[in-house]
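Peer 1: Below is the file data-v1.csv, with CSV, C-alpha atoms.
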chain,number,residue,atom,x,y,z
A,786,MET,CA,122.7,96.5,87.3
A,787,ASP,CA,121.6,99.9,86.0
A,788,HIS,CA,118.7,101.6,87.7
A,789,ARG,CA,116.5,103.6,85.4
A,790,ALA,CA,114.9,106.8,86.4
A,791,VAL,CA,111.6,106.8,88.4
A,792,SER,CA,109.1,108.8,86.4
A,793,ALA,CA,105.9,110.2,87.7
A,794,ILE,CA,102.5,109.8,86.0
A,795,GLY,CA,101.5,113.4,85.6
A,796,PRO,CA,101.4,116.1,88.3
A,797,VAL,CA,98.8,114.4,90.3
A,798,GLU,CA,98.4,117.2,92.9
A,799,GLU,CA,97.5,119.6,90.2
A,800,SER,CA,95.0,117.3,88.6
A,801,SER,CA,93.1,116.7,91.8
A,802,ASP,CA,92.2,120.3,92.5
A,803,GLU,CA,88.6,121.5,92.8
A,804,ALA,CA,88.4,122.9,89.3
A,805,PHE,CA,89.4,119.5,87.9
A,806,GLY,CA,86.3,117.8,89.3
A,807,SER,CA,87.9,114.5,90.5
A,808,LEU,CA,85.7,111.5,91.1
A,809,PRO,CA,85.3,110.8,94.8
A,810,ALA,CA,87.3,107.7,96.0
A,811,ALA,CA,84.2,105.9,97.2
A,812,ASP,CA,82.5,106.2,93.8
A,813,PHE,CA,85.7,105.1,92.0
A,814,LYS,CA,85.9,101.9,94.2
A,815,LEU,CA,82.2,101.2,93.6
A,816,ALA,CA,82.6,101.5,89.8
A,817,PHE,CA,85.5,99.0,89.9
A,818,ARG,CA,83.4,96.5,91.9
A,819,ASN,CA,82.1,95.6,88.5
A,820,HIS,CA,85.5,94.6,87.2
A,821,ALA,CA,87.1,91.2,87.7
A,822,ALA,CA,90.8,90.4,87.5
A,823,GLY,CA,93.2,87.5,87.1
A,824,VAL,CA,95.4,86.7,90.2
A,825,ALA,CA,99.2,86.7,90.4
A,826,LEU,CA,101.7,86.1,93.2
A,827,ILE,CA,104.7,88.4,93.0
A,828,THR,CA,108.0,87.5,94.8
A,829,ALA,CA,111.3,89.3,95.1
A,830,ASP,CA,114.3,89.7,97.3
A,831,ALA,CA,116.4,92.9,97.3
A,832,GLY,CA,119.0,91.4,99.6
A,833,ASP,CA,117.3,91.5,102.9
A,834,GLY,CA,114.8,88.6,102.7
A,835,PRO,CA,112.1,87.4,100.5
A,836,ILE,CA,108.7,89.1,100.0
A,837,ALA,CA,105.5,87.7,98.4
A,838,LEU,CA,102.3,89.5,97.6
A,839,THR,CA,99.1,88.7,95.8
A,840,ALA,CA,98.2,91.1,93.0
A,841,THR,CA,95.2,91.5,90.7
A,842,SER,CA,96.8,94.2,88.6
A,843,VAL,CA,99.1,92.2,86.3
A,844,PHE,CA,98.7,92.4,82.5
A,845,SER,CA,100.9,92.0,79.5
A,846,ILE,CA,101.4,95.0,77.3
A,847,SER,CA,103.7,93.8,74.6
A,848,ALA,CA,104.9,90.4,73.4
A,849,GLU,CA,107.9,91.7,71.4
A,850,PRO,CA,109.6,92.8,73.5
A,851,PRO,CA,107.9,90.8,76.3
A,852,LEU,CA,106.7,93.4,78.7
A,853,LEU,CA,104.2,93.3,81.6
A,854,VAL,CA,103.0,95.8,84.2
A,855,PHE,CA,101.6,95.5,87.7
A,856,SER,CA,100.8,98.0,90.5
A,857,VAL,CA,101.6,97.8,94.2
A,858,SER,CA,100.1,100.0,96.9
A,859,SER,CA,102.6,102.1,98.8
A,860,GLY,CA,101.0,100.8,102.0
A,861,SER,CA,102.0,97.2,101.2
A,862,SER,CA,104.5,95.5,103.4
A,863,SER,CA,106.3,94.4,100.3
A,864,ALA,CA,106.6,97.9,98.8
A,865,PRO,CA,110.1,98.7,100.2
A,866,THR,CA,111.6,95.6,98.9
A,867,LEU,CA,110.0,96.0,95.4
A,868,ALA,CA,111.2,99.6,95.3
A,869,ARG,CA,114.8,98.2,95.3
A,870,ALA,CA,114.5,94.9,93.6
A,871,ASP,CA,116.2,94.5,90.2
A,872,THR,CA,114.2,91.4,89.3
A,873,VAL,CA,110.8,89.9,90.3
A,874,ILE,CA,109.0,86.6,89.8
A,875,VAL,CA,105.4,86.9,88.6
A,876,HIS,CA,103.4,83.7,89.2
A,877,LEU,CA,100.2,83.5,87.2
A,878,LEU,CA,97.9,81.5,89.5
A,879,GLY,CA,95.3,78.8,88.7
A,880,ALA,CA,92.5,77.9,90.9
A,881,ALA,CA,94.6,75.0,92.2
A,882,GLN,CA,97.0,77.6,93.7
A,883,ILE,CA,94.3,79.4,95.7
A,884,ASP,CA,96.4,78.7,98.9
A,885,LEU,CA,99.2,80.7,97.4
A,886,ALA,CA,96.9,83.5,96.5
A,887,ARG,CA,95.6,83.6,100.1
A,888,LEU,CA,99.1,83.4,101.5
A,889,GLY,CA,100.2,86.5,99.6
A,890,ALA,CA,97.0,88.3,100.6
A,891,THR,CA,97.2,87.7,104.3
A,892,SER,CA,98.7,90.4,106.5
A,893,GLY,CA,100.7,89.9,109.6
A,894,ILE,CA,102.1,86.5,108.8
A,895,ASP,CA,105.5,85.2,107.7
A,896,ARG,CA,104.7,84.2,104.2
A,897,PHE,CA,107.9,82.1,104.0
A,898,ALA,CA,107.4,80.2,107.2
A,899,ASP,CA,106.8,76.9,105.5
A,900,ARG,CA,110.1,76.2,103.9
A,901,SER,CA,108.7,73.2,102.0
A,902,ILE,CA,106.6,75.3,99.6
A,903,TRP,CA,109.2,77.7,98.2
A,904,ASP,CA,112.7,77.6,96.9
A,905,ARG,CA,115.2,79.9,95.2
A,906,LEU,CA,116.1,80.1,91.5
A,907,ILE,CA,119.7,79.8,90.6
A,908,THR,CA,119.6,83.6,90.1
A,909,GLY,CA,118.5,84.1,93.7
A,910,GLU,CA,114.8,85.0,93.6
A,911,PRO,CA,112.4,83.3,95.9
A,912,TYR,CA,109.6,81.4,94.0
A,913,PHE,CA,106.8,78.9,94.6
A,914,PRO,CA,107.3,75.8,92.4
A,915,ALA,CA,103.6,74.7,92.8
A,916,SER,CA,102.6,77.5,90.4
A,917,PRO,CA,102.3,76.0,86.9
A,918,VAL,CA,103.4,79.3,85.3
A,919,TRP,CA,105.8,82.0,86.4
A,920,ILE,CA,107.8,84.7,84.7
A,921,ARG,CA,111.1,86.0,85.8
A,922,GLY,CA,111.6,89.6,84.8
A,923,LYS,CA,113.7,92.7,85.1
A,924,VAL,CA,112.1,95.8,86.5
A,925,ILE,CA,112.7,98.4,83.8
A,926,ASN,CA,110.6,101.3,85.2
A,927,ARG,CA,108.7,102.4,88.2
A,928,MET,CA,106.0,105.1,87.9
A,929,GLU,CA,104.5,106.7,90.9
A,930,ALA,CA,100.7,107.1,90.6
A,931,GLY,CA,98.7,108.4,93.5
A,932,SER,CA,99.1,106.0,96.4
A,933,SER,CA,100.6,103.2,94.2
A,934,THR,CA,103.6,102.4,92.1
A,935,VAL,CA,103.2,100.9,88.6
A,936,TYR,CA,106.0,98.5,87.7
A,937,ALA,CA,107.0,97.8,84.1
A,938,VAL,CA,108.8,94.5,83.8
A,939,HIS,CA,110.8,92.9,80.9
A,940,ALA,CA,110.4,89.1,80.9
A,941,LEU,CA,113.6,87.2,80.9
A,942,GLN,CA,112.7,83.6,81.6
A,943,ALA,CA,109.5,81.6,82.3
A,944,LYS,CA,108.2,78.4,83.5
A,945,LEU,CA,105.5,77.5,81.0
A,946,PRO,CA,102.4,75.2,81.4
A,947,GLU,CA,103.0,71.7,80.1
A,948,GLU,CA,101.8,71.0,76.6
A,949,GLY,CA,98.1,70.3,76.5
A,950,ALA,CA,97.7,71.0,80.2
A,951,GLU,CA,94.4,72.7,81.1
A,952,THR,CA,94.6,75.0,84.1
A,953,ALA,CA,91.6,76.7,85.5
A,954,PRO,CA,92.5,80.3,86.0
A,955,LEU,CA,91.9,82.0,89.3
A,956,VAL,CA,89.9,85.2,89.2
A,957,TYR,CA,89.2,87.8,91.9
A,958,HIS,CA,86.0,89.9,92.1
A,959,ASN,CA,84.5,91.9,94.9
A,960,ARG,CA,86.3,90.1,97.7
A,961,THR,CA,85.5,86.6,96.3
A,962,TRP,CA,87.6,84.0,94.4
A,963,HIS,CA,86.3,82.4,91.2
A,964,ALA,CA,87.6,79.6,89.1
A,965,LEU,CA,87.1,79.7,85.3
A,966,GLY,CA,86.2,76.6,83.3
A,967,PRO,CA,83.6,75.1,81.1
A,968,HIS,CA,81.0,75.9,83.8
A,969,SER,CA,81.7,79.6,83.5
A,970,ARG,CA,81.9,79.9,79.7
A,971,TYR,CA,79.4,82.4,78.3
A,972,ASP,CA,78.2,83.0,74.8
A,973,GLY,CA,75.5,85.6,75.4
B,1375,MET,CA,93.9,121.4,77.8
B,1376,ASP,CA,97.5,120.8,78.6
B,1377,HIS,CA,99.2,117.8,77.1
B,1378,ARG,CA,101.8,116.2,79.3
B,1379,ALA,CA,104.9,114.7,78.0
B,1380,VAL,CA,104.9,111.2,76.6
B,1381,SER,CA,107.5,109.2,78.6
B,1382,ALA,CA,109.1,106.0,77.5
B,1383,ILE,CA,109.2,102.9,79.7
B,1384,GLY,CA,113.0,102.2,79.7
B,1385,PRO,CA,115.2,101.9,76.6
B,1386,VAL,CA,113.5,98.9,75.3
B,1387,GLU,CA,115.8,98.4,72.3
B,1388,GLU,CA,118.8,98.1,74.6
B,1389,SER,CA,117.0,95.7,76.9
B,1390,SER,CA,116.1,93.3,74.1
B,1391,ASP,CA,119.6,92.6,73.0
B,1392,GLU,CA,121.2,89.1,73.1
B,1393,ALA,CA,123.1,89.6,76.3
B,1394,PHE,CA,119.9,90.6,78.1
B,1395,GLY,CA,118.3,87.2,77.5
B,1396,SER,CA,114.8,88.3,76.6
B,1397,LEU,CA,111.9,85.7,76.8
B,1398,PRO,CA,110.7,84.7,73.3
B,1399,ALA,CA,107.4,86.3,72.3
B,1400,ALA,CA,105.7,82.9,71.8
B,1401,ASP,CA,106.7,81.8,75.3
B,1402,PHE,CA,105.5,85.0,76.8
B,1403,LYS,CA,102.1,84.6,75.1
B,1404,LEU,CA,101.9,81.0,76.3
B,1405,ALA,CA,102.5,82.1,79.9
B,1406,PHE,CA,99.8,84.7,79.8
B,1407,ARG,CA,97.3,82.1,78.5
B,1408,ASN,CA,97.0,81.2,82.2
B,1409,HIS,CA,95.8,84.7,83.1
B,1410,ALA,CA,92.2,85.9,82.9
B,1411,ALA,CA,91.1,89.5,82.7
B,1412,GLY,CA,88.0,91.7,83.2
B,1413,VAL,CA,86.6,93.3,80.0
B,1414,ALA,CA,86.1,97.0,79.3
B,1415,LEU,CA,85.0,99.0,76.3
B,1416,ILE,CA,86.9,102.2,75.8
B,1417,THR,CA,85.5,105.1,73.7
B,1418,ALA,CA,86.8,108.5,72.7
B,1419,ASP,CA,86.6,111.1,70.0
B,1420,ALA,CA,89.5,113.4,69.4
B,1421,GLY,CA,87.5,115.6,67.0
B,1422,ASP,CA,87.3,113.4,63.9
B,1423,GLY,CA,84.8,110.8,64.8
B,1424,PRO,CA,84.1,108.2,67.6
B,1425,ILE,CA,86.2,105.2,68.3
B,1426,ALA,CA,85.5,102.1,70.5
B,1427,LEU,CA,87.7,99.2,71.4
B,1428,THR,CA,87.4,96.3,73.8
B,1429,ALA,CA,90.3,96.1,76.3
B,1430,THR,CA,91.3,93.4,78.8
B,1431,SER,CA,94.0,95.5,80.3
B,1432,VAL,CA,92.1,98.0,82.6
B,1433,PHE,CA,92.9,98.2,86.2
B,1434,SER,CA,92.6,100.7,89.0
B,1435,ILE,CA,95.9,101.8,90.6
B,1436,SER,CA,94.8,104.4,93.1
B,1437,ALA,CA,91.4,105.5,94.6
B,1438,GLU,CA,92.7,108.8,96.0
B,1439,PRO,CA,93.3,110.3,93.5
B,1440,PRO,CA,91.2,108.0,91.4
B,1441,LEU,CA,93.6,106.7,88.7
B,1442,LEU,CA,93.3,103.8,86.3
B,1443,VAL,CA,95.5,102.4,83.5
B,1444,PHE,CA,95.0,100.5,80.3
B,1445,SER,CA,97.1,99.6,77.3
B,1446,VAL,CA,96.4,99.7,73.6
B,1447,SER,CA,98.4,98.0,70.8
B,1448,SER,CA,99.8,100.5,68.3
B,1449,GLY,CA,98.3,98.3,65.6
B,1450,SER,CA,94.7,99.0,66.8
B,1451,SER,CA,92.6,101.1,64.5
B,1452,SER,CA,91.7,103.2,67.5
B,1453,ALA,CA,95.3,104.0,68.4
B,1454,PRO,CA,95.6,107.3,66.4
B,1455,THR,CA,92.4,108.8,68.0
B,1456,LEU,CA,93.5,107.7,71.5
B,1457,ALA,CA,96.9,109.2,71.0
B,1458,ARG,CA,95.2,112.6,70.7
B,1459,ALA,CA,92.1,112.3,72.9
B,1460,ASP,CA,92.0,114.5,76.1
B,1461,THR,CA,89.3,112.3,77.7
B,1462,VAL,CA,88.1,108.7,77.4
B,1463,ILE,CA,85.1,106.7,78.6
B,1464,VAL,CA,85.9,103.4,80.2
B,1465,HIS,CA,82.9,101.1,80.3
B,1466,LEU,CA,83.3,98.2,82.8
B,1467,LEU,CA,81.3,95.4,81.2
B,1468,GLY,CA,79.1,92.8,82.7
B,1469,ALA,CA,78.1,89.5,81.0
B,1470,ALA,CA,74.9,91.2,79.9
B,1471,GLN,CA,77.0,93.5,77.7
B,1472,ILE,CA,78.8,90.8,75.8
B,1473,ASP,CA,77.5,92.3,72.6
B,1474,LEU,CA,79.3,95.5,73.3
B,1475,ALA,CA,82.5,93.5,74.1
B,1476,ARG,CA,82.2,91.8,70.7
B,1477,LEU,CA,81.4,95.0,68.9
B,1478,GLY,CA,84.6,96.6,70.2
B,1479,ALA,CA,86.7,93.5,69.4
B,1480,THR,CA,85.5,93.0,65.8
B,1481,SER,CA,87.7,94.4,63.1
B,1482,GLY,CA,86.6,95.9,59.8
B,1483,ILE,CA,83.2,97.1,60.9
B,1484,ASP,CA,81.7,100.5,61.7
B,1485,ARG,CA,81.3,100.1,65.4
B,1486,PHE,CA,79.0,103.1,65.5
B,1487,ALA,CA,76.7,102.1,62.6
B,1488,ASP,CA,73.7,101.4,65.0
B,1489,ARG,CA,72.9,104.9,66.1
B,1490,SER,CA,70.3,103.5,68.6
B,1491,ILE,CA,72.9,102.0,71.0
B,1492,TRP,CA,75.2,104.9,71.6
B,1493,ASP,CA,75.0,108.5,72.5
B,1494,ARG,CA,77.2,111.4,73.5
B,1495,LEU,CA,77.7,112.9,76.9
B,1496,ILE,CA,77.2,116.6,77.3
B,1497,THR,CA,81.0,116.8,77.3
B,1498,GLY,CA,81.0,115.3,73.8
B,1499,GLU,CA,82.4,111.8,74.3
B,1500,PRO,CA,80.6,108.9,72.7
B,1501,TYR,CA,79.3,106.3,75.1
B,1502,PHE,CA,77.1,103.2,75.3
B,1503,PRO,CA,74.2,103.8,77.8
B,1504,ALA,CA,73.6,100.0,78.1
B,1505,SER,CA,76.7,99.6,80.2
B,1506,PRO,CA,75.8,99.6,83.9
B,1507,VAL,CA,79.1,101.3,84.8
B,1508,TRP,CA,81.4,103.7,83.0
B,1509,ILE,CA,84.0,106.1,84.0
B,1510,ARG,CA,84.8,109.4,82.2
B,1511,GLY,CA,88.5,110.3,82.7
B,1512,LYS,CA,91.2,112.6,81.6
B,1513,VAL,CA,94.3,111.1,80.0
B,1514,ILE,CA,97.2,112.3,82.2
B,1515,ASN,CA,100.0,110.3,80.7
B,1516,ARG,CA,100.9,108.0,77.9
B,1517,MET,CA,103.9,105.6,78.1
B,1518,GLU,CA,105.3,103.9,75.1
B,1519,ALA,CA,106.1,100.2,75.9
B,1520,GLY,CA,107.2,98.0,73.1
B,1521,SER,CA,104.3,97.7,70.6
B,1522,SER,CA,101.8,99.2,73.0
B,1523,THR,CA,101.0,102.4,74.7
B,1524,VAL,CA,100.0,102.5,78.4
B,1525,TYR,CA,97.4,105.2,79.3
B,1526,ALA,CA,97.1,106.6,82.8
B,1527,VAL,CA,93.7,108.2,83.3
B,1528,HIS,CA,92.3,110.4,86.1
B,1529,ALA,CA,88.6,109.6,86.7
B,1530,LEU,CA,86.4,112.7,86.6
B,1531,GLN,CA,82.9,111.3,86.5
B,1532,ALA,CA,81.1,107.9,86.6
B,1533,LYS,CA,77.9,106.1,86.1
B,1534,LEU,CA,77.6,103.8,89.0
B,1535,PRO,CA,75.7,100.5,89.4
B,1536,GLU,CA,72.3,100.9,91.0
B,1537,GLU,CA,72.2,100.3,94.8
B,1538,GLY,CA,72.0,96.5,95.4
B,1539,ALA,CA,72.2,95.7,91.8
B,1540,GLU,CA,74.1,92.5,91.1
B,1541,THR,CA,75.9,92.4,87.8
B,1542,ALA,CA,77.8,89.3,86.6
B,1543,PRO,CA,81.2,90.6,85.4
B,1544,LEU,CA,82.4,89.6,82.0
B,1545,VAL,CA,85.9,87.9,81.9
B,1546,TYR,CA,88.1,87.0,79.0
B,1547,HIS,CA,90.5,84.1,79.0
B,1548,ASN,CA,92.3,82.3,76.1
B,1549,ARG,CA,89.9,83.5,73.4
B,1550,THR,CA,86.7,82.6,75.4
B,1551,TRP,CA,84.2,84.8,77.3
B,1552,HIS,CA,83.2,83.8,80.8
B,1553,ALA,CA,80.5,85.1,83.2
B,1554,LEU,CA,81.2,85.2,86.9
B,1555,GLY,CA,78.5,84.4,89.5
B,1556,PRO,CA,77.6,82.0,92.3
B,1557,HIS,CA,78.3,79.1,89.8
B,1558,SER,CA,82.0,80.2,89.5
B,1559,ARG,CA,82.8,80.9,93.1
B,1560,TYR,CA,85.6,78.9,94.4
B,1561,ASP,CA,86.9,78.3,98.0
B,1562,GLY,CA,89.6,75.8,97.3
Show this structure as structure tokens.
Peer 2:
Amino acid sequence: MDHRAVSAIGPVEESSDEAFGSLPAADFKLAFRNHAAGVALITADAGDGPIALTATSVFSISAEPPLLVFSVSSGSSSAPTLARADTVIVHLLGAAQIDLARLGATSGIDRFADRSIWDRLITGEPYFPASPVWIRGKVINRMEAGSSTVYAVHALQAKLPEEGAETAPLVYHNRTWHALGPHSRYDG
Amino acid sequence: MDHRAVSAIGPVEESSDEAFGSLPAADFKLAFRNHAAGVALITADAGDGPIALTATSVFSISAEPPLLVFSVSSGSSSAPTLARADTVIVHLLGAAQIDLARLGATSGIDRFADRSIWDRLITGEPYFPASPVWIRGKVINRMEAGSSTVYAVHALQAKLPEEGAETAPLVYHNRTWHALGPHSRYDG
């Protein structure tokens, strides 16, 4: 597999200098407390064991070609594996998979201890069959941005929801989980 | 202001060829129907008039330095202005601002026709004061990705929610709006 160049998002050091007037980190976090996000579980194996982490930073950027992005903090225990993985599995979680979301968000545990809840695709990646939707994709770019890395992924293969199946999406906001459904619909 | 280089996310043409086994666009869209997203209104003015568009692709990637990203389809009427803007305002919308979300999502209208609902910051950008939270940021990178452009933004300034204020975030899922609150909390 070819590895494409890692590109940096701007000269971040330069842009954080005093003259630039950067927003304090605490204020930035407070602003984003008003913003909710869908929940995904990302898995990979770069050859030395599976990793899984819960991410609230997944979005699709193009359907043709099918591209998505997500970001991972450099402090994540999964970061070293993701930095080397050619492919990843992005599970888009529903409320019924809240246990998987918690699993990937809990530190200091073996997220693969229960061998009954995960398996490997024929292509080798670890995945969680309970998720109604997952996308297998090739990492086509990694962009360093402050303390995180933004991954761009080209979708290769997917498990799709069954025809007519209604899944309640799982949403994360300000340290709480939410389930969407008719009860949360809003028309103003 | 300096304009940094536009970098491409991988050689997309190459990666969409037959041998690569790209996921069909329809399948990709179907997979993402399981994924909800927070809602933001993005405004800018590159010198020839204000633009506003509703985006469900905003997330924070780093608090120190304070960086966020969003993506905009190249087909959006706001794309030409965003391609040239040095700064943008990202309004993180609550359910109470659903009218602003609709305004920025409606095609073929003058989104600035009602002069009573928007103003300009002293730095010149158009903004909507009704939003409880907005972030003013400098565009530090633009990355072409398929039919979209991913923007990386360094936050400079913000309007923050009032102390103790509880805002119900606005969420978008499968062509419907949702409001989060105690009624949508979910513990499995």
Peer 1: Give me, as a ChimeraX atom specification, all polymer residues having an atom no more than 8 Å from Val857 in chain A, counting only C-alpha atoms and skipping those fewer than 4 positions away in the same chain.
Peer 2: /A:840,861,864,933-936 /B:1435
Peer 1: May I ask which of the residues B:Leu1442, B:Asn1408, B:Gly1498, B:Ile1472 is the closest one to Gly966 in chain A, counting only C-alpha atoms?
Peer 2: B:Asn1408
Peer 1: Got a sec to pull out which chain A residues are within 6 Å of chain B, counting all atoms listed in the file, and send them as JSON, numbers by chain?
Peer 2: {"A": [794, 795, 806, 807, 808, 810, 816, 819, 820, 821, 822, 823, 847, 848, 849, 850, 925, 926, 931, 932, 940, 941, 942, 945, 954, 962, 963, 964, 969, 970, 971]}
Peer 1: Would you mind reading off the distance between CA of Ala950 in chain A and CA of Phe913 in chain A, one decimal, in Å?
Peer 2: 18.8 Å
Peer 1: If you measure from CA of Ala915 in chain A to CA of Ile836 in chain A, what distance in Å do you get, rounded to one decimal?
Peer 2: 16.9 Å
Peer 1: One number please: CA of Ala1457 in chain B to CA of Ala1420 in chain B, in Å, one decimal.
Peer 2: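 Straight-line distance from CA of Ala1457 in chain B to CA of Ala1420 in chain B works out to 8.7 Å.
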Peer 1: I'd like the neighbourhood of range 899-908 of chain A as a VMD selection string, where a residue qualifies if any of its atoms comes within 10 Å (using only C-alpha atoms), though same-chain residues fewer than 4 positions away should be ignored.
Peer 2: chain A and resid 835 872 874 885 895 912 to 915 921
Peer 1: Which residue is closest to Ala870 in chain A? Choose from A:Leu888, A:Ala898, A:Ala829, A:Ala837 and count all atoms listed in the file.
Peer 2: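 Of A:Leu888, A:Ala898, A:Ala829, A:Ala837, the one nearest Ala870 in chain A, counting all atoms listed in the file, is A:Ala829.
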